Amino acid sequence: RTMLGAVGVARTSLASLAARALTPHRRARRVHAPGSILSMAAPKIAKDGGEKVYPEECRVEVGGLQYRRCAAALVFNPNGDVLLGERSDRPGSWGMPQGGIEIGESQSTAATRELYEEVGMRPGNTAGLSLVAEVPADENFCYAAGGWLAEKGLAGQRLEFTLFHLATTDDPTPLCNLEGMAGESREFTRVRWASWDEAVSAVWESKRGPYVRARELAVPVIEKYLAGDK
């Protein structure tokens, strides 16, 4: 399992990245009301059977390879820590809520849906939870994966991170429902806040490169938001 490209970003570009990341959310908020996001989502793309080629709208080419577009919900608290869940199918492996972007969904709409399905939280329903911004796409968000993805002609997945702020540093467990919402199976057995270093070390090895890059691009936006520049 290899990572694409070197991980790094010039410090001088952080301000411009923050500005770029904040813009899409303002456009999206006028289109998707929090209460209507789930009802607008398209049916799930079948993992088994059906077409052998994954829908073009839901994949992206990077470095000559095809990757499934995968929305990731990056929830941070007032300390800048991030929300992680322990995988039910991989004990000891922690990660952020994520899942494939469906036909007709935007990055933030898909992330909002996945956040609800996997941990039961949703802006407008969960106290103190706000959608903040979409992190710009980056080739280093790609990671290799096999199984049914390979059968669909995909080299792996490209994570597309959307930032959410949960206005508490308390244990997030009481705010979550981990049973699997909207008919989805249980993804996590428990949740907790973690520092970025903990998040990178606890995630499945193939995703560490994307998580490192997400930290580099997201932290300036998070710090700006927490400083009151929203």
# chains A, B, ... in the order shown; residues from 1 in each chain; ligands from 1
>>> select_by_dssp(residues="range 92-174 of chain A", states="strand (DSSP E)", output="list in words")
Trp94, Gly95, Gln98, Gly99, Gly100, Leu129, Ser130, Leu131, Val132, Ala133, Glu134, Cys142, Tyr143, Ala144, Gly156, Gln157, Arg158, Leu159, Glu160, Phe161, Thr162, Leu163, Phe164, His165 and Leu166 of chain A
>>> write_last_selection(atoms="N, CA, C and O atoms", output="short mmCIF file (atom, residue, chain, number, x, y, z; two decimals), in the first residue's frame")
data_model
loop_
_atom_site.label_atom_id
_atom_site.label_comp_id
_atom_site.auth_asym_id
_atom_site.auth_seq_id
_atom_site.Cartn_x
_atom_site.Cartn_y
_atom_site.Cartn_z
N TRP A 94 -8.67 3.51 14.27
CA TRP A 94 -9.58 4.63 14.47
C TRP A 94 -9.60 5.50 13.22
O TRP A 94 -8.60 5.59 12.50
N GLY A 95 -10.71 6.17 12.98
CA GLY A 95 -10.79 7.05 11.83
C GLY A 95 -11.98 7.97 11.89
O GLY A 95 -12.83 7.88 12.78
N GLN A 98 -16.59 8.37 7.09
CA GLN A 98 -16.35 8.56 5.67
C GLN A 98 -17.20 7.58 4.86
O GLN A 98 -17.69 6.58 5.38
N GLY A 99 -17.36 7.89 3.58
CA GLY A 99 -18.10 7.01 2.69
C GLY A 99 -18.17 7.59 1.30
O GLY A 99 -17.89 8.79 1.09
N GLY A 100 -18.52 6.77 0.33
CA GLY A 100 -18.53 7.20 -1.06
C GLY A 100 -19.51 8.32 -1.35
O GLY A 100 -20.60 8.37 -0.80
N LEU A 129 -23.31 21.73 16.71
CA LEU A 129 -22.62 21.23 15.52
C LEU A 129 -22.88 22.14 14.32
O LEU A 129 -24.03 22.40 13.98
N SER A 130 -21.80 22.59 13.69
CA SER A 130 -21.92 23.47 12.52
C SER A 130 -21.04 22.98 11.38
O SER A 130 -19.93 22.50 11.61
N LEU A 131 -21.54 23.11 10.15
CA LEU A 131 -20.73 22.84 8.97
C LEU A 131 -19.88 24.07 8.70
O LEU A 131 -20.41 25.18 8.62
N VAL A 132 -18.58 23.89 8.56
CA VAL A 132 -17.67 25.03 8.44
C VAL A 132 -17.17 25.25 7.02
O VAL A 132 -17.29 26.34 6.47
N ALA A 133 -16.56 24.23 6.40
CA ALA A 133 -15.92 24.44 5.11
C ALA A 133 -15.56 23.11 4.46
O ALA A 133 -15.41 22.09 5.14
N GLU A 134 -15.39 23.15 3.15
CA GLU A 134 -14.82 22.03 2.42
C GLU A 134 -13.32 22.27 2.24
O GLU A 134 -12.90 23.36 1.88
N CYS A 142 -5.36 10.57 -1.84
CA CYS A 142 -5.60 9.25 -2.42
C CYS A 142 -4.88 8.16 -1.62
O CYS A 142 -3.78 8.38 -1.12
N TYR A 143 -5.53 7.01 -1.52
CA TYR A 143 -4.87 5.85 -0.91
C TYR A 143 -5.32 4.58 -1.61
O TYR A 143 -6.41 4.50 -2.16
N ALA A 144 -4.43 3.58 -1.62
CA ALA A 144 -4.70 2.34 -2.32
C ALA A 144 -5.63 1.45 -1.52
O ALA A 144 -5.57 1.40 -0.30
N GLY A 156 -8.25 2.71 -5.66
CA GLY A 156 -8.46 3.00 -4.24
C GLY A 156 -9.46 4.13 -4.10
O GLY A 156 -10.38 4.27 -4.92
N GLN A 157 -9.28 4.96 -3.09
CA GLN A 157 -10.20 6.05 -2.81
C GLN A 157 -9.44 7.37 -2.65
O GLN A 157 -8.30 7.39 -2.22
N ARG A 158 -10.12 8.47 -2.99
CA ARG A 158 -9.60 9.80 -2.67
C ARG A 158 -10.54 10.42 -1.64
O ARG A 158 -11.72 10.66 -1.90
N LEU A 159 -10.00 10.66 -0.45
CA LEU A 159 -10.78 11.31 0.59
C LEU A 159 -11.01 12.77 0.23
O LEU A 159 -10.11 13.44 -0.29
N GLU A 160 -12.19 13.27 0.53
CA GLU A 160 -12.53 14.68 0.34
C GLU A 160 -13.11 15.18 1.66
O GLU A 160 -14.23 14.83 2.02
N PHE A 161 -12.32 15.96 2.38
CA PHE A 161 -12.64 16.34 3.75
C PHE A 161 -13.54 17.57 3.82
O PHE A 161 -13.33 18.57 3.13
N THR A 162 -14.55 17.49 4.69
CA THR A 162 -15.39 18.64 5.02
C THR A 162 -15.28 18.88 6.52
O THR A 162 -15.33 17.94 7.32
N LEU A 163 -15.09 20.13 6.90
CA LEU A 163 -14.90 20.50 8.31
C LEU A 163 -16.24 20.81 8.99
O LEU A 163 -17.08 21.53 8.45
N PHE A 164 -16.37 20.27 10.19
CA PHE A 164 -17.51 20.56 11.07
C PHE A 164 -16.97 20.96 12.43
O PHE A 164 -15.96 20.40 12.89
N HIS A 165 -17.63 21.91 13.09
CA HIS A 165 -17.24 22.30 14.44
C HIS A 165 -18.30 21.84 15.43
O HIS A 165 -19.49 22.10 15.24
N LEU A 166 -17.86 21.13 16.46
CA LEU A 166 -18.75 20.75 17.56
C LEU A 166 -18.29 21.53 18.79
O LEU A 166 -17.15 21.38 19.25
#
>>> residues_around(residues="Gln107 in chain A", least_positions_apart="3", cutoff="10 Å", atoms="only C-alpha atoms", output="VMD selection string")
chain A and resid 24 to 25 28 69 to 73 100 to 102 104 110 to 112 134 to 135 137 159 to 162
>>> residues_around(residues="Glu187 in chain A", least_positions_apart="4", cutoff="8 Å", atoms="only C-alpha atoms", output="JSON, numbers by chain")
{"A": [87, 88, 89, 118, 178, 179, 180]}
>>> write_last_selection(atoms="C-alpha atoms", output="PDB file, in the first residue's frame")
ATOM      1  CA  ARG A  87     -13.769   0.667  13.526  1.00  0.00           C
ATOM      2  CA  SER A  88     -16.146  -2.175  14.359  1.00  0.00           C
ATOM      3  CA  ASP A  89     -14.501  -4.396  11.734  1.00  0.00           C
ATOM      4  CA  GLU A 118     -22.099   6.581  11.103  1.00  0.00           C
ATOM      5  CA  LEU A 178     -23.360   4.398  16.767  1.00  0.00           C
ATOM      6  CA  GLU A 179     -26.013   1.838  15.858  1.00  0.00           C
ATOM      7  CA  GLY A 180     -25.935   2.779  12.165  1.00  0.00           C
TER       8      GLY A 180
END
>>> residues_around(residues="Thr169 in chain A", least_positions_apart="6", cutoff="9 Å", atoms="only C-alpha atoms", output="ChimeraX atom specification")
/A:77-79,81,193
>>> write_last_selection(atoms="all heavy atoms", output="PDB file, in the first residue's frame")
ATOM      1  N   ASN A  77     -13.181  20.239  17.745  1.00  0.00           N
ATOM      2  CA  ASN A  77     -13.767  20.902  18.914  1.00  0.00           C
ATOM      3  C   ASN A  77     -13.027  22.212  19.215  1.00  0.00           C
ATOM      4  O   ASN A  77     -12.088  22.577  18.493  1.00  0.00           O
ATOM      5  CB  ASN A  77     -13.777  19.952  20.121  1.00  0.00           C
ATOM      6  CG  ASN A  77     -12.387  19.645  20.655  1.00  0.00           C
ATOM      7  OD1 ASN A  77     -11.401  20.316  20.340  1.00  0.00           O
ATOM      8  ND2 ASN A  77     -12.289  18.606  21.476  1.00  0.00           N
ATOM      9  N   PRO A  78     -13.423  22.956  20.246  1.00  0.00           N
ATOM     10  CA  PRO A  78     -12.777  24.238  20.536  1.00  0.00           C
ATOM     11  C   PRO A  78     -11.282  24.150  20.861  1.00  0.00           C
ATOM     12  O   PRO A  78     -10.583  25.167  20.812  1.00  0.00           O
ATOM     13  CB  PRO A  78     -13.569  24.761  21.753  1.00  0.00           C
ATOM     14  CG  PRO A  78     -14.921  24.166  21.577  1.00  0.00           C
ATOM     15  CD  PRO A  78     -14.665  22.788  21.065  1.00  0.00           C
ATOM     16  N   ASN A  79     -10.773  22.964  21.179  1.00  0.00           N
ATOM     17  CA  ASN A  79      -9.340  22.783  21.403  1.00  0.00           C
ATOM     18  C   ASN A  79      -8.591  22.415  20.127  1.00  0.00           C
ATOM     19  O   ASN A  79      -7.370  22.279  20.138  1.00  0.00           O
ATOM     20  CB  ASN A  79      -9.096  21.681  22.447  1.00  0.00           C
ATOM     21  CG  ASN A  79      -9.482  22.109  23.849  1.00  0.00           C
ATOM     22  OD1 ASN A  79      -9.569  23.303  24.143  1.00  0.00           O
ATOM     23  ND2 ASN A  79      -9.738  21.145  24.721  1.00  0.00           N
ATOM     24  N   ASP A  81      -9.000  19.552  18.648  1.00  0.00           N
ATOM     25  CA  ASP A  81      -8.936  18.090  18.562  1.00  0.00           C
ATOM     26  C   ASP A  81      -9.991  17.600  17.573  1.00  0.00           C
ATOM     27  O   ASP A  81     -10.965  18.308  17.281  1.00  0.00           O
ATOM     28  CB  ASP A  81      -9.184  17.460  19.935  1.00  0.00           C
ATOM     29  CG  ASP A  81      -8.082  17.790  20.932  1.00  0.00           C
ATOM     30  OD1 ASP A  81      -6.921  17.916  20.513  1.00  0.00           O
ATOM     31  OD2 ASP A  81      -8.399  17.929  22.132  1.00  0.00           O
ATOM     32  N   TRP A 193     -12.340  12.187  21.328  1.00  0.00           N
ATOM     33  CA  TRP A 193     -11.542  13.277  20.785  1.00  0.00           C
ATOM     34  C   TRP A 193     -10.078  12.846  20.754  1.00  0.00           C
ATOM     35  O   TRP A 193      -9.625  12.127  21.634  1.00  0.00           O
ATOM     36  CB  TRP A 193     -11.667  14.545  21.623  1.00  0.00           C
ATOM     37  CG  TRP A 193     -13.012  15.177  21.638  1.00  0.00           C
ATOM     38  CD1 TRP A 193     -13.837  15.335  22.713  1.00  0.00           C
ATOM     39  CD2 TRP A 193     -13.693  15.768  20.524  1.00  0.00           C
ATOM     40  NE1 TRP A 193     -14.995  15.970  22.340  1.00  0.00           N
ATOM     41  CE2 TRP A 193     -14.930  16.253  20.997  1.00  0.00           C
ATOM     42  CE3 TRP A 193     -13.378  15.915  19.172  1.00  0.00           C
ATOM     43  CZ2 TRP A 193     -15.854  16.891  20.172  1.00  0.00           C
ATOM     44  CZ3 TRP A 193     -14.302  16.544  18.342  1.00  0.00           C
ATOM     45  CH2 TRP A 193     -15.514  17.019  18.835  1.00  0.00           C
TER      46      TRP A 193
END
>>> atom_distance(atom1="CA of Gly183 in chain A", atom2="CA of Asn125 in chain A")
18.5 Å
>>> closest_residue(among="A:Cys58, A:Met181, A:Ala214, A:Ala145", to="Leu74 in chain A", atoms="only C-alpha atoms")
A:Ala214
>>> closest_residue(among="A:Glu139, A:Glu114, A:Glu151, A:Asp171", to="Gly64 in chain A", atoms="only C-alpha atoms")
A:Glu139
>>> residues_around(residues="Arg215 in chain A", least_positions_apart="4", cutoff="8 Å", atoms="only C-alpha atoms", output="list in words")
Trp196, Tyr211 and Val219 of chain A
>>> write_last_selection(atoms="all heavy atoms", output="compact mmCIF listing (two decimals), in the first residue's frame")
# COMPACT_ATOMS: atom_id res chain seq x y z
N TRP A 196 -4.19 15.65 16.57
CA TRP A 196 -3.85 15.27 15.19
C TRP A 196 -2.79 14.18 15.17
O TRP A 196 -2.85 13.26 14.34
CB TRP A 196 -3.38 16.49 14.41
CG TRP A 196 -4.52 17.24 13.78
CD1 TRP A 196 -5.08 18.41 14.20
CD2 TRP A 196 -5.25 16.85 12.61
NE1 TRP A 196 -6.11 18.78 13.37
CE2 TRP A 196 -6.23 17.85 12.38
CE3 TRP A 196 -5.17 15.77 11.73
CZ2 TRP A 196 -7.12 17.78 11.31
CZ3 TRP A 196 -6.05 15.70 10.65
CH2 TRP A 196 -7.02 16.69 10.45
N TYR A 211 -4.26 11.63 5.90
CA TYR A 211 -4.53 12.32 7.16
C TYR A 211 -3.46 13.38 7.44
O TYR A 211 -3.76 14.47 7.96
CB TYR A 211 -4.61 11.32 8.31
CG TYR A 211 -6.00 10.75 8.54
CD1 TYR A 211 -6.79 10.33 7.47
CD2 TYR A 211 -6.53 10.61 9.81
CE1 TYR A 211 -8.05 9.80 7.67
CE2 TYR A 211 -7.80 10.08 10.02
CZ TYR A 211 -8.55 9.68 8.95
OH TYR A 211 -9.81 9.16 9.15
N VAL A 219 -5.72 22.58 9.35
CA VAL A 219 -5.38 23.29 10.59
C VAL A 219 -5.43 24.81 10.44
O VAL A 219 -5.96 25.50 11.32
CB VAL A 219 -4.01 22.82 11.13
CG1 VAL A 219 -3.49 23.77 12.20
CG2 VAL A 219 -4.14 21.41 11.72
>>> closest_residue(among="A:Val60, A:Val53, A:Val221, A:Met96", to="Ala202 in chain A", atoms="only C-alpha atoms")
A:Met96
>>> select_by_dssp(residues="range 19-224 of chain A", states="helix (DSSP H, G or I)", output="NGL selection string")
:A and (19-31 or 34-40 or 56-58 or 107-119 or 139-141 or 148-151 or 173-175 or 196-202 or 205-224)
>>> atom_distance(atom1="CA of Ser201 in chain A", atom2="CA of Pro97 in chain A")
16.5 Å
